>>> print(open('work13.txt').read())   # compact mmCIF, C-alpha atoms and all ligand atoms
# COMPACT_ATOMS: atom_id res chain seq x y z
CA MET A 1 -3.01 0.53 -16.80
CA ALA A 2 -3.82 3.41 -14.43
CA GLY A 3 -5.14 3.72 -10.89
CA ILE A 4 -6.93 6.18 -8.63
CA TYR A 5 -5.99 6.62 -4.97
CA VAL A 6 -8.09 8.51 -2.41
CA HIS A 7 -6.74 9.38 1.02
CA ILE A 8 -9.18 9.54 3.95
CA PRO A 9 -7.12 11.03 6.80
CA PHE A 10 -9.30 10.26 9.82
CA CYS A 11 -8.68 7.71 12.56
CA LYS A 12 -10.15 6.99 15.97
CA SER A 13 -6.78 7.57 17.63
CA LYS A 14 -3.15 7.91 16.61
CA CYS A 15 -1.06 4.73 16.66
CA ARG A 16 2.36 5.05 18.29
CA TYR A 17 4.28 4.29 15.10
CA CYS A 18 2.16 6.34 12.69
CA ASP A 19 3.66 9.09 10.59
CA PHE A 20 0.91 9.10 7.94
CA ALA A 21 -1.40 12.05 7.37
CA SER A 22 -4.06 11.02 9.87
CA PHE A 23 -6.00 13.30 12.20
CA PRO A 24 -7.80 11.55 15.05
CA ASP A 25 -9.18 14.79 16.46
CA LYS A 26 -10.66 16.05 13.17
CA ILE A 27 -13.28 13.43 12.41
CA THR A 28 -16.02 16.08 12.67
CA PHE A 29 -14.63 17.51 9.42
CA ALA A 30 -15.25 14.26 7.55
CA GLU A 31 -18.33 15.52 5.69
CA SER A 32 -16.63 18.72 4.46
CA TYR A 33 -13.48 16.79 3.62
CA MET A 34 -15.34 14.30 1.48
CA ALA A 35 -17.12 17.15 -0.32
CA CYS A 36 -13.66 18.60 -1.09
CA VAL A 37 -12.45 15.26 -2.46
CA TYR A 38 -15.48 15.10 -4.80
CA ARG A 39 -14.69 18.68 -5.83
CA GLU A 40 -11.01 17.86 -6.39
CA MET A 41 -12.09 15.03 -8.68
CA SER A 42 -14.19 17.39 -10.75
CA LEU A 43 -11.21 19.80 -10.99
CA ARG A 44 -9.10 16.98 -12.47
CA LYS A 45 -11.81 15.57 -14.70
CA ASP A 46 -10.91 17.31 -17.99
CA ASP A 47 -7.17 16.60 -17.73
CA LEU A 48 -7.84 12.90 -17.31
CA LYS A 49 -10.62 12.41 -19.82
CA ASP A 50 -8.48 10.18 -22.06
CA TYR A 51 -7.52 7.85 -19.22
CA SER A 52 -9.17 4.59 -18.44
CA PHE A 53 -8.74 3.50 -14.80
CA ASP A 54 -8.46 -0.12 -13.73
CA THR A 55 -8.35 0.40 -9.99
CA LEU A 56 -9.64 2.63 -7.21
CA TYR A 57 -7.96 2.37 -3.82
CA ILE A 58 -9.50 4.10 -0.80
CA GLY A 59 -6.79 4.32 1.85
CA GLY A 60 -5.87 6.33 4.88
CA GLY A 61 -6.09 6.96 7.71
CA THR A 62 -9.03 4.73 8.39
CA PRO A 63 -11.61 5.03 5.59
CA SER A 64 -13.99 2.75 7.51
CA VAL A 65 -14.26 5.32 10.29
CA VAL A 66 -16.30 7.73 8.14
CA ASP A 67 -19.97 7.24 7.40
CA GLU A 68 -20.42 4.56 4.73
CA SER A 69 -22.70 6.85 2.70
CA TYR A 70 -19.66 9.12 2.05
CA ILE A 71 -17.76 6.15 0.68
CA ALA A 72 -20.68 5.27 -1.61
CA MET A 73 -20.72 8.88 -2.83
CA LEU A 74 -16.97 8.74 -3.34
CA VAL A 75 -17.18 5.68 -5.59
CA ALA A 76 -20.05 7.36 -7.47
CA ALA A 77 -17.97 10.55 -7.87
CA ALA A 78 -15.04 8.52 -9.24
CA ARG A 79 -17.35 6.87 -11.76
CA LYS A 80 -18.99 10.16 -12.70
CA ASN A 81 -15.77 12.09 -13.26
CA PHE A 82 -13.52 9.39 -14.70
CA ASN A 83 -13.63 6.38 -16.91
CA LEU A 84 -13.40 3.78 -14.16
CA LYS A 85 -13.69 0.38 -15.85
CA LYS A 86 -16.72 -1.77 -15.10
CA ASP A 87 -14.54 -4.57 -13.77
CA ALA A 88 -12.24 -2.22 -11.85
CA GLU A 89 -10.66 -3.47 -8.63
CA ILE A 90 -12.07 -1.23 -5.88
CA THR A 91 -10.34 -1.58 -2.52
CA ILE A 92 -11.08 0.00 0.83
CA GLU A 93 -8.82 -0.13 3.88
CA ILE A 94 -10.73 -1.04 7.01
CA ASN A 95 -9.74 -1.37 10.62
CA PRO A 96 -11.24 -3.95 12.94
CA GLY A 97 -13.26 -2.09 15.52
CA THR A 98 -14.68 0.38 12.98
CA ILE A 99 -16.75 -1.97 10.85
CA SER A 100 -20.27 -3.41 10.84
CA ALA A 101 -22.40 -5.66 8.64
CA GLY A 102 -24.34 -2.57 7.48
CA LYS A 103 -21.15 -0.84 6.34
CA ILE A 104 -19.97 -3.86 4.39
CA ASP A 105 -23.40 -4.22 2.76
CA LEU A 106 -23.25 -0.67 1.46
CA TYR A 107 -19.62 -1.05 0.37
CA GLU A 108 -20.62 -4.10 -1.66
CA LYS A 109 -23.61 -2.32 -3.18
CA CYS A 110 -21.47 0.56 -4.38
CA GLY A 111 -19.01 -1.80 -6.08
CA ILE A 112 -16.20 -2.26 -3.58
CA ASN A 113 -14.76 -5.71 -4.25
CA ARG A 114 -11.58 -5.83 -2.19
CA TYR A 115 -10.80 -5.06 1.45
CA SER A 116 -7.55 -4.44 3.25
CA VAL A 117 -7.68 -5.09 6.98
CA GLY A 118 -5.11 -3.75 9.45
CA LEU A 119 -4.61 -6.84 11.61
CA GLN A 120 -0.90 -6.18 12.36
CA SER A 121 -0.61 -8.77 15.13
CA ALA A 122 -2.67 -11.56 16.68
CA ILE A 123 -1.20 -10.77 20.10
CA ASP A 124 -3.33 -8.27 22.04
CA GLY A 125 -0.38 -6.98 24.10
CA GLN A 126 1.46 -6.06 20.90
CA LEU A 127 -1.62 -4.33 19.49
CA ARG A 128 -1.88 -2.28 22.68
CA GLU A 129 1.81 -1.46 22.51
CA LEU A 130 1.34 -0.18 18.95
CA GLY A 131 -1.59 1.95 20.07
CA ARG A 132 -4.04 0.10 17.83
CA ILE A 133 -7.67 0.38 18.86
CA HIS A 134 -8.58 -3.24 18.12
CA THR A 135 -8.06 -6.64 19.70
CA LEU A 136 -7.66 -10.05 18.12
CA ASN A 137 -11.37 -10.64 18.83
CA ASP A 138 -12.27 -7.53 16.82
CA PHE A 139 -10.26 -8.89 13.89
CA VAL A 140 -12.08 -12.21 14.10
CA THR A 141 -15.46 -10.43 14.09
CA CYS A 142 -14.37 -8.33 11.12
CA ALA A 143 -13.04 -11.35 9.20
CA LYS A 144 -16.34 -13.16 9.76
CA LEU A 145 -18.18 -10.21 8.22
CA LEU A 146 -15.83 -10.52 5.23
CA LYS A 147 -16.37 -14.26 4.87
CA ASP A 148 -15.85 -15.35 1.24
CA LYS A 149 -14.83 -11.83 0.21
CA ASN A 150 -11.50 -10.85 -1.28
CA PHE A 151 -9.47 -9.43 1.58
CA ASN A 152 -5.93 -8.62 2.57
CA ALA A 153 -4.60 -8.67 6.12
CA ASP A 154 -1.63 -6.47 7.10
CA VAL A 155 0.90 -8.16 9.35
CA MET A 156 3.76 -6.31 11.05
CA ILE A 157 7.09 -7.74 12.08
CA GLY A 158 9.81 -6.23 14.24
CA LEU A 159 7.49 -5.37 17.14
CA LYS A 160 8.53 -5.00 20.75
CA ASP A 161 8.64 -8.42 22.48
CA GLN A 162 7.52 -10.16 19.27
CA THR A 163 8.80 -13.68 18.68
CA VAL A 164 8.98 -15.77 15.52
CA ASP A 165 6.11 -17.85 16.93
CA ASP A 166 4.00 -14.68 17.29
CA VAL A 167 4.54 -13.90 13.60
CA ILE A 168 3.58 -17.45 12.63
CA LYS A 169 0.48 -17.28 14.82
CA THR A 170 -0.58 -13.98 13.25
CA ILE A 171 -0.21 -15.38 9.74
CA GLU A 172 -2.09 -18.54 10.69
CA VAL A 173 -4.95 -16.50 12.17
CA ALA A 174 -5.18 -14.27 9.08
CA SER A 175 -5.22 -17.27 6.79
CA ALA A 176 -7.61 -19.33 8.91
CA PHE A 177 -10.13 -16.49 8.93
CA GLY A 178 -10.10 -16.15 5.16
CA ALA A 179 -7.47 -13.60 4.07
CA SER A 180 -6.47 -14.38 0.49
CA HIS A 181 -3.70 -11.78 0.51
CA ILE A 182 -1.21 -10.92 3.25
CA SER A 183 1.08 -7.89 3.39
CA MET A 184 3.94 -8.53 5.81
CA TYR A 185 5.82 -5.35 6.63
CA ALA A 186 8.66 -4.60 9.00
CA LEU A 187 7.90 -1.80 11.48
CA THR A 188 9.89 1.31 10.55
CA PRO A 189 10.38 3.50 13.61
CA GLU A 190 10.17 7.01 12.16
CA ASP A 191 11.80 9.92 13.97
CA GLY A 192 9.11 12.00 15.67
CA THR A 193 6.77 9.11 16.46
CA PRO A 194 6.45 7.82 20.06
CA ILE A 195 7.76 4.39 19.04
CA TYR A 196 11.03 6.00 17.99
CA THR A 197 11.89 6.30 21.70
CA ASP A 198 11.51 2.52 22.07
CA TYR A 199 13.86 2.16 19.12
CA LEU A 200 16.42 4.54 20.67
CA ASN A 201 16.17 2.61 23.93
CA GLY A 202 17.00 -0.62 22.09
CA GLU A 203 13.60 -2.12 22.91
CA LEU A 204 12.78 -3.24 19.36
CA PRO A 205 14.15 -6.38 17.68
CA ASP A 206 17.41 -5.82 15.78
CA SER A 207 17.74 -6.31 12.02
CA ASP A 208 18.90 -9.96 12.34
CA GLU A 209 15.87 -10.80 14.48
CA VAL A 210 13.56 -9.05 12.00
CA ALA A 211 15.17 -10.96 9.12
CA GLU A 212 14.55 -14.19 11.02
CA MET A 213 10.87 -13.27 11.50
CA TYR A 214 10.58 -12.42 7.82
CA GLU A 215 12.13 -15.71 6.66
CA ALA A 216 9.92 -17.73 9.01
CA GLY A 217 6.89 -15.75 7.81
CA VAL A 218 7.75 -16.38 4.16
CA LYS A 219 8.07 -20.11 4.84
CA LYS A 220 4.72 -20.25 6.65
CA LEU A 221 2.98 -18.23 3.96
CA LYS A 222 4.31 -20.57 1.29
CA GLU A 223 3.05 -23.60 3.22
CA LEU A 224 -0.38 -21.96 3.41
CA GLY A 225 -0.50 -21.42 -0.37
CA PHE A 226 0.44 -17.73 -0.55
CA ASN A 227 2.72 -16.78 -3.40
CA ARG A 228 5.20 -13.95 -2.80
CA TYR A 229 4.85 -11.52 -5.71
CA GLU A 230 6.56 -8.53 -4.09
CA VAL A 231 8.97 -8.34 -1.17
CA SER A 232 6.17 -7.64 1.35
CA ASN A 233 3.14 -8.99 -0.50
CA PHE A 234 1.79 -12.54 -0.70
CA ALA A 235 -1.34 -13.72 -2.45
CA LYS A 236 -3.38 -16.79 -3.21
CA LYS A 237 -3.58 -17.42 -6.95
CA GLY A 238 -5.33 -14.56 -8.76
CA ARG A 239 -5.62 -12.42 -5.60
CA GLU A 240 -2.65 -10.11 -6.24
CA SER A 241 -3.45 -6.43 -5.74
CA ARG A 242 -3.88 -4.93 -9.19
CA HIS A 243 -3.58 -1.44 -7.70
CA ASN A 244 -0.17 -2.11 -6.15
CA LEU A 245 1.08 -4.07 -9.17
CA ASN A 246 0.42 -0.91 -11.17
CA TYR A 247 2.74 1.05 -8.83
CA TRP A 248 5.51 -1.52 -9.11
CA ARG A 249 5.16 -1.64 -12.89
CA ARG A 250 5.52 2.14 -12.89
CA GLY A 251 2.01 2.62 -14.18
CA GLU A 252 0.24 5.95 -13.90
CA TYR A 253 -1.97 6.91 -10.97
CA ILE A 254 -3.80 9.94 -9.68
CA GLY A 255 -4.24 10.67 -5.98
CA PHE A 256 -6.94 12.72 -4.22
CA GLY A 257 -7.04 14.14 -0.72
CA VAL A 258 -4.35 15.36 1.70
CA SER A 259 -0.88 13.89 1.18
CA ALA A 260 -1.99 11.90 -1.88
CA SER A 261 0.67 11.50 -4.52
CA SER A 262 0.31 11.02 -8.26
CA CYS A 263 2.36 10.08 -11.29
CA ILE A 264 0.78 11.12 -14.56
CA ASN A 265 2.57 11.55 -17.86
CA ASN A 266 5.96 11.29 -16.12
CA ILE A 267 5.18 14.09 -13.71
CA ARG A 268 5.15 13.20 -10.03
CA PHE A 269 3.20 15.47 -7.70
CA THR A 270 1.98 15.42 -4.11
CA ASN A 271 -0.87 17.18 -2.33
CA THR A 272 -0.37 19.21 0.81
CA PHE A 273 -0.20 17.30 4.12
CA ASP A 274 -1.96 20.18 5.87
CA LEU A 275 -5.70 19.65 6.24
CA ASP A 276 -6.57 23.36 6.56
CA GLU A 277 -4.46 24.17 3.52
CA TYR A 278 -6.21 21.42 1.57
CA PHE A 279 -9.64 22.85 2.46
CA LYS A 280 -8.51 26.35 1.57
CA CYS A 281 -7.19 25.37 -1.87
CA ILE A 282 -10.07 23.16 -2.93
CA LEU A 283 -12.79 25.48 -1.63
CA SER A 284 -11.29 28.31 -3.66
CA GLY A 285 -11.34 26.11 -6.76
CA HIS A 286 -7.60 25.31 -6.87
CA LEU A 287 -5.66 22.09 -6.65
CA ALA A 288 -3.64 21.49 -3.47
CA VAL A 289 -0.35 20.34 -5.01
CA ILE A 290 2.82 21.25 -3.06
CA ASP A 291 5.46 19.25 -4.88
CA ARG A 292 5.90 18.64 -8.58
CA GLU A 293 8.73 16.88 -10.36
CA ASP A 294 9.18 16.15 -14.05
CA VAL A 295 10.86 12.76 -14.28
CA ASP A 296 13.41 12.78 -17.11
CA ALA A 297 14.30 9.75 -19.24
CA GLU A 298 17.13 8.64 -16.93
CA GLY A 299 14.88 9.02 -13.88
CA GLN A 300 12.11 7.00 -15.54
CA LYS A 301 14.53 4.18 -16.26
CA GLU A 302 15.90 4.19 -12.71
CA GLU A 303 12.41 4.17 -11.20
CA PHE A 304 11.34 1.34 -13.48
CA ILE A 305 14.32 -0.79 -12.41
CA MET A 306 13.98 0.01 -8.69
CA LEU A 307 10.26 -0.78 -8.62
CA ALA A 308 10.45 -3.92 -10.76
CA LEU A 309 13.27 -5.40 -8.68
CA ARG A 310 10.98 -5.34 -5.61
CA THR A 311 8.78 -7.90 -7.34
CA SER A 312 9.21 -11.61 -7.97
CA GLU A 313 8.54 -11.11 -11.67
CA GLY A 314 11.47 -8.69 -11.84
CA ILE A 315 12.25 -6.60 -14.91
CA PRO A 316 10.42 -7.79 -18.03
CA LEU A 317 13.18 -7.51 -20.63
CA LEU A 318 11.03 -7.02 -23.73
CA LYS A 319 9.02 -4.32 -22.03
CA TYR A 320 12.24 -2.64 -20.91
CA LYS A 321 13.46 -2.57 -24.52
CA SER A 322 10.17 -1.24 -25.83
CA LEU A 323 10.09 1.51 -23.18
CA PHE A 324 13.72 2.61 -23.21
CA GLY A 325 15.01 1.40 -26.58
CA THR A 326 18.03 -0.40 -25.13
CA ASP A 327 18.94 -3.96 -24.26
CA PHE A 328 18.98 -4.30 -20.47
CA ALA A 329 21.53 -7.15 -20.41
CA GLU A 330 23.98 -5.19 -22.57
CA GLU A 331 23.41 -1.88 -20.85
CA PHE A 332 23.97 -3.26 -17.35
CA ALA A 333 26.51 -5.99 -18.20
CA PRO A 334 29.14 -4.83 -15.65
CA ALA A 335 26.59 -4.55 -12.80
CA ILE A 336 25.03 -7.90 -13.68
CA ALA A 337 28.44 -9.58 -13.67
CA LYS A 338 29.45 -8.00 -10.36
CA MET A 339 26.13 -8.80 -8.63
CA ARG A 340 25.63 -12.28 -10.11
CA GLU A 341 25.46 -13.92 -6.67
CA TYR A 342 22.22 -12.00 -5.96
CA VAL A 343 20.49 -11.67 -9.32
CA GLU A 344 19.36 -13.95 -12.13
CA PHE A 345 17.74 -14.09 -15.54
CA LEU A 346 14.58 -16.15 -15.52
CA GLY A 347 12.68 -16.60 -18.80
CA ASP A 348 12.07 -13.14 -20.18
CA SER A 349 12.96 -11.34 -16.99
CA PHE A 350 15.79 -10.25 -14.74
CA ARG A 351 15.25 -10.37 -10.99
CA ILE A 352 16.71 -10.59 -7.53
CA LYS A 353 17.01 -14.21 -6.41
CA ASP A 354 14.25 -15.27 -4.03
CA GLU A 355 16.58 -15.76 -1.09
CA TYR A 356 17.83 -12.15 -1.32
CA LEU A 357 14.54 -10.36 -1.92
CA PHE A 358 14.29 -9.18 1.70
CA VAL A 359 17.49 -7.16 1.30
CA GLN A 360 16.50 -5.88 -2.14
CA ASN A 361 17.01 -2.26 -1.10
CA SER A 362 20.74 -2.51 -0.63
CA ILE A 363 21.11 -4.78 -3.69
CA ILE A 364 19.27 -2.28 -5.90
CA ILE A 365 21.32 0.66 -4.60
CA GLU A 366 24.55 -1.17 -5.26
CA PHE A 367 23.38 -2.42 -8.66
CA LEU A 368 22.52 1.06 -9.84
CA SER A 369 25.76 2.53 -8.55
CA ILE A 370 28.01 0.26 -10.66
S1 LIG B 401 -4.86 3.38 11.91
FE1 LIG B 401 -3.19 3.65 10.42
S2 LIG B 401 -3.33 5.77 9.72
FE2 LIG B 401 -4.56 5.59 11.61
S3 LIG B 401 -3.21 6.23 13.25
FE3 LIG B 401 -3.04 3.99 13.07
S4 LIG B 401 -1.35 3.63 11.65
FE4 LIG B 401 -1.94 5.77 11.46
>>> encode(input="work13.txt", output="structure tokens")
Amino acid sequence: MAGIYVHIPFCKSKCRYCDFASFPDKITFAESYMACVYREMSLRKDDLKDYSFDTLYIGGGTPSVVDESYIAMLVAAARKNFNLKKDAEITIEINPGTISAGKIDLYEKCGINRYSVGLQSAIDGQLRELGRIHTLNDFVTCAKLLKDKNFNADVMIGLKDQTVDDVIKTIEVASAFGASHISMYALTPEDGTPIYTDYLNGELPDSDEVAEMYEAGVKKLKELGFNRYEVSNFAKKGRESRHNLNYWRRGEYIGFGVSASSCINNIRFTNTFDLDEYFKCILSGHLAVIDREDVDAEGQKEEFIMLALRTSEGIPLLKYKSLFGTDFAEEFAPAIAKMREYVEFLGDSFRIKDEYLFVQNSIIIEFLSI
């Protein structure tokens, strides 16, 4: 399995917590940028001619802020340059407040079949505090336009003044308006973002409060029929994100646009985060890669374990043996014995117990250090 990611780095304004490559003041460059992405695809075309792609994910930024005709051309360029399967999952991230019936019509016509909506919170005060441009009403309008379509809603926990009830309300709203997939992420206050000051001032919930929100959210999502398949991702049956599952299964993917990362043939590489630099490289017929790392056999194994342990399915033991030629249970016997309170074998897999999935990071670090 392999996926394609395209980064569209434009937004209407910068959210207070955002440290992604997103440029609210550069939207006038959208047309030239998209032309560069099509060009970057053609530069990669020959290297990837033997690949067959199962997914295309258009993320950002806010892809729905650019003219929908560019998105249609983007999907066409992906099909023209690569073997994108007929039944590929094609996702676009959209933000309430940047969407219309006309846009969704064209998205559908060009083959987009999955949407990811940045709801974040159903409480307008919290949306304002985050610097989001939308209100709960905008989300409702957007969700109505997506009626009966396959869509995810992003929900954030750990927000200033957020209560457990606010988290429950947000999940209930997302579900009631038709989301069949919910990503529930804890806010990470990154140094250099305005929200980091709130964090330094002790204005954000502490880790115990965030854990409580997460547990309550998990319980509510379960009641509403969402199955947790990764620590932050919950889906109705059959609505799991194929694109993200490919990441967690350590599948291959190619990224286009500023800041996009790729993993092809055990080489990880990342494009420049600098928009001008990206233009300069692509317009002169060169790729815009700034970082490149060959992942050796040990690194591949470690990545496989770390990614798989984020998921509910865990590490598939037969696949592990076929990939690395060793028996996982034998190889990690001391770590498994030491960590047995937190981990378990289930059928053909090894995983972190459900009740400890939220703290998987520290469990994985400790597991790999034994
Ligand atoms: S919409 Fe997303 S990418 Fe854009 S500024 Fe907000 S958080 Fe960043």
>>> residues_around(input="work13.txt", residues="region 282-298 of chain A", least_positions_apart="6", cutoff="9 Å", atoms="all atoms listed in the file", output="tab-separated table (two decimals) with C-alpha atoms, in the frame of the given file")
chain	number	residue	atom	x	y	z
A	36	CYS	CA	-13.66	18.60	-1.09
A	37	VAL	CA	-12.45	15.26	-2.46
A	39	ARG	CA	-14.69	18.68	-5.83
A	40	GLU	CA	-11.01	17.86	-6.39
A	43	LEU	CA	-11.21	19.80	-10.99
A	44	ARG	CA	-9.10	16.98	-12.47
A	257	GLY	CA	-7.04	14.14	-0.72
A	258	VAL	CA	-4.35	15.36	1.70
A	259	SER	CA	-0.88	13.89	1.18
A	261	SER	CA	0.67	11.50	-4.52
A	265	ASN	CA	2.57	11.55	-17.86
A	266	ASN	CA	5.96	11.29	-16.12
A	267	ILE	CA	5.18	14.09	-13.71
A	268	ARG	CA	5.15	13.20	-10.03
A	269	PHE	CA	3.20	15.47	-7.70
A	270	THR	CA	1.98	15.42	-4.11
A	271	ASN	CA	-0.87	17.18	-2.33
A	272	THR	CA	-0.37	19.21	0.81
A	273	PHE	CA	-0.20	17.30	4.12
A	324	PHE	CA	13.72	2.61	-23.21
>>> residues_near_ligand(input="work13.txt", ligand="ligand LIG 401 (chain B)", cutoff="7 Å", atoms="all atoms listed in the file", output="short mmCIF file (atom, residue, chain, number, x, y, z; two decimals) with C-alpha atoms, in the frame of the given file")
data_model
loop_
_atom_site.label_atom_id
_atom_site.label_comp_id
_atom_site.auth_asym_id
_atom_site.auth_seq_id
_atom_site.Cartn_x
_atom_site.Cartn_y
_atom_site.Cartn_z
CA PHE A 10 -9.30 10.26 9.82
CA CYS A 11 -8.68 7.71 12.56
CA SER A 13 -6.78 7.57 17.63
CA LYS A 14 -3.15 7.91 16.61
CA CYS A 15 -1.06 4.73 16.66
CA TYR A 17 4.28 4.29 15.10
CA CYS A 18 2.16 6.34 12.69
CA ASP A 19 3.66 9.09 10.59
CA PHE A 20 0.91 9.10 7.94
CA ALA A 21 -1.40 12.05 7.37
CA SER A 22 -4.06 11.02 9.87
CA GLY A 60 -5.87 6.33 4.88
CA GLY A 61 -6.09 6.96 7.71
CA THR A 62 -9.03 4.73 8.39
CA ASN A 95 -9.74 -1.37 10.62
CA ARG A 132 -4.04 0.10 17.83
#
>>> closest_residue(input="work13.txt", among="A:Glu313, A:Asp46, A:Glu68, A:Glu172", to="Leu221 (chain A)", atoms="all atoms listed in the file")
A:Glu172
>>> residues_around(input="work13.txt", residues="Ser64 (chain A)", least_positions_apart="6", cutoff="8 Å", atoms="only C-alpha atoms", output="PyMOL selection string")
chain A and resi 92-95+98-99
>>> write_last_selection(input="work13.txt", atoms="C-alpha atoms", output="mmCIF file, in the frame of the given file")
data_model
loop_
_atom_site.group_PDB
_atom_site.id
_atom_site.type_symbol
_atom_site.label_atom_id
_atom_site.label_comp_id
_atom_site.auth_asym_id
_atom_site.auth_seq_id
_atom_site.Cartn_x
_atom_site.Cartn_y
_atom_site.Cartn_z
ATOM 1 C CA ILE A 92 -11.080 0.000 0.830
ATOM 2 C CA GLU A 93 -8.820 -0.130 3.880
ATOM 3 C CA ILE A 94 -10.730 -1.040 7.010
ATOM 4 C CA ASN A 95 -9.740 -1.370 10.620
ATOM 5 C CA THR A 98 -14.680 0.380 12.980
ATOM 6 C CA ILE A 99 -16.750 -1.970 10.850
#
>>> closest_atom_pairs(input="work13.txt", of="region 120-237 of chain A", to="region 344-368 of chain A", cutoff="9 Å", atoms="all atoms listed in the file", output="Markdown table")
| residue | atom | partner | partner_atom | distance |
| --- | --- | --- | --- | --- |
| A:Ala211 | CA | A:Phe358 | CA | 7.7 |
| A:Tyr214 | CA | A:Phe358 | CA | 7.9 |
| A:Glu215 | CA | A:Phe358 | CA | 8.5 |
| A:Glu230 | CA | A:Leu357 | CA | 8.5 |
| A:Val231 | CA | A:Leu357 | CA | 6.0 |
| A:Ser232 | CA | A:Phe358 | CA | 8.3 |
>>> closest_residue(input="work13.txt", among="A:Ile58, A:Ile195, A:Ile133, A:Ala88", to="Lys160 (chain A)", atoms="only C-alpha atoms")
A:Ile195
>>> closest_atom_pairs(input="work13.txt", of="region 189-293 of chain A", to="region 70-87 of chain A", cutoff="12 Å", atoms="only C-alpha atoms", output="JSON lines")
{"residue": "A:Arg242", "atom": "CA", "partner": "A:Asp87", "partner_atom": "CA", "distance": 11.6}
{"residue": "A:Ile254", "atom": "CA", "partner": "A:Phe82", "partner_atom": "CA", "distance": 11.0}
{"residue": "A:Gly255", "atom": "CA", "partner": "A:Ala78", "partner_atom": "CA", "distance": 11.5}
{"residue": "A:Phe256", "atom": "CA", "partner": "A:Ala78", "partner_atom": "CA", "distance": 10.4}
{"residue": "A:Gly257", "atom": "CA", "partner": "A:Leu74", "partner_atom": "CA", "distance": 11.6}
>>> closest_residue(input="work13.txt", among="A:Met339, A:Val218, A:Thr197, A:Arg249", to="Glu303 (chain A)", atoms="all atoms listed in the file")
A:Arg249
>>> atom_distance(input="work13.txt", atom1="CA of Lys149 (chain A)", atom2="CA of Phe23 (chain A)")
29.2 Å
>>> residues_around(input="work13.txt", residues="Asp327 (chain A)", least_positions_apart="5", cutoff="9 Å", atoms="only C-alpha atoms", output="VMD selection string")
chain A and resid 317 to 318 320 to 321 332
>>> residues_around(input="work13.txt", residues="Phe234 (chain A)", least_positions_apart="5", cutoff="8 Å", atoms="only C-alpha atoms", output="list in words")
His181, Ile182, Ser183, Met184, Leu221, Phe226, Asn227, Arg228, Tyr229 and Glu240 of chain A
>>> closest_residue(input="work13.txt", among="A:Ala153, A:Ala143, A:Val164, A:Ala30", to="Val65 (chain A)", atoms="all atoms listed in the file")
A:Ala30
>>> atom_distance(input="work13.txt", atom1="CA of Ile112 (chain A)", atom2="CA of Thr91 (chain A)")
6.0 Å
>>> closest_residue(input="work13.txt", among="A:Gln300, A:Thr311, A:Thr141, A:Ser369", to="Leu323 (chain A)", atoms="only C-alpha atoms")
A:Gln300
>>> residues_around(input="work13.txt", residues="Ser207 (chain A)", least_positions_apart="6", cutoff="12 Å", atoms="all atoms listed in the file", output="list in words")
Ile157, Gly158, Leu159, Ala186, Leu187, Thr188, Tyr199, Met213, Tyr214, Phe358 and Val359 of chain A
>>> write_last_selection(input="work13.txt", atoms="C-alpha atoms", output="short mmCIF file (atom, residue, chain, number, x, y, z; two decimals), in the frame of the given file")
data_model
loop_
_atom_site.label_atom_id
_atom_site.label_comp_id
_atom_site.auth_asym_id
_atom_site.auth_seq_id
_atom_site.Cartn_x
_atom_site.Cartn_y
_atom_site.Cartn_z
CA ILE A 157 7.09 -7.74 12.08
CA GLY A 158 9.81 -6.23 14.24
CA LEU A 159 7.49 -5.37 17.14
CA ALA A 186 8.66 -4.60 9.00
CA LEU A 187 7.90 -1.80 11.48
CA THR A 188 9.89 1.31 10.55
CA TYR A 199 13.86 2.16 19.12
CA MET A 213 10.87 -13.27 11.50
CA TYR A 214 10.58 -12.42 7.82
CA PHE A 358 14.29 -9.18 1.70
CA VAL A 359 17.49 -7.16 1.30
#
>>> atom_distance(input="work13.txt", atom1="CA of Ile305 (chain A)", atom2="CA of Thr55 (chain A)")
22.8 Å
>>> axis_aligned_box(input="work13.txt", around="region 8-12 of chain A", padding_each_side="3 Å", output="lines of an AutoDock Vina configuration file")
center_x = -8.6
center_y = 9.0
center_z = 10.0
size_x = 9.0
size_y = 10.0
size_z = 18.0
>>> closest_residue(input="work13.txt", among="A:Ser52, A:Gln126, A:Ile168, A:Ala176", to="Asp148 (chain A)", atoms="all atoms listed in the file")
A:Ala176
>>> decode(input="work13.txt", residues="region 89-95 of chain A", atoms="N, CA and C atoms", output="PDB file, in the first residue's frame")
ATOM      1  N   GLU A  89      -8.888   6.160  -1.955  1.00  0.00           N
ATOM      2  CA  GLU A  89      -9.496   7.073  -0.974  1.00  0.00           C
ATOM      3  C   GLU A  89      -8.877   8.448  -1.234  1.00  0.00           C
ATOM      4  N   ILE A  90      -9.722   9.441  -1.540  1.00  0.00           N
ATOM      5  CA  ILE A  90      -9.199  10.790  -1.802  1.00  0.00           C
ATOM      6  C   ILE A  90      -9.824  11.744  -0.777  1.00  0.00           C
ATOM      7  N   THR A  91      -8.960  12.256   0.095  1.00  0.00           N
ATOM      8  CA  THR A  91      -9.437  13.086   1.216  1.00  0.00           C
ATOM      9  C   THR A  91      -9.021  14.532   1.012  1.00  0.00           C
ATOM     10  N   ILE A  92      -9.880  15.448   1.408  1.00  0.00           N
ATOM     11  CA  ILE A  92      -9.474  16.858   1.465  1.00  0.00           C
ATOM     12  C   ILE A  92      -9.820  17.418   2.849  1.00  0.00           C
ATOM     13  N   GLU A  93      -8.885  18.181   3.413  1.00  0.00           N
ATOM     14  CA  GLU A  93      -9.168  18.860   4.676  1.00  0.00           C
ATOM     15  C   GLU A  93      -9.937  20.135   4.354  1.00  0.00           C
ATOM     16  N   ILE A  94     -11.005  20.365   5.099  1.00  0.00           N
ATOM     17  CA  ILE A  94     -11.752  21.603   4.876  1.00  0.00           C
ATOM     18  C   ILE A  94     -12.023  22.274   6.223  1.00  0.00           C
ATOM     19  N   ASN A  95     -12.125  23.584   6.173  1.00  0.00           N
ATOM     20  CA  ASN A  95     -12.448  24.303   7.395  1.00  0.00           C
ATOM     21  C   ASN A  95     -13.808  24.948   7.248  1.00  0.00           C
TER      22      ASN A  95
END
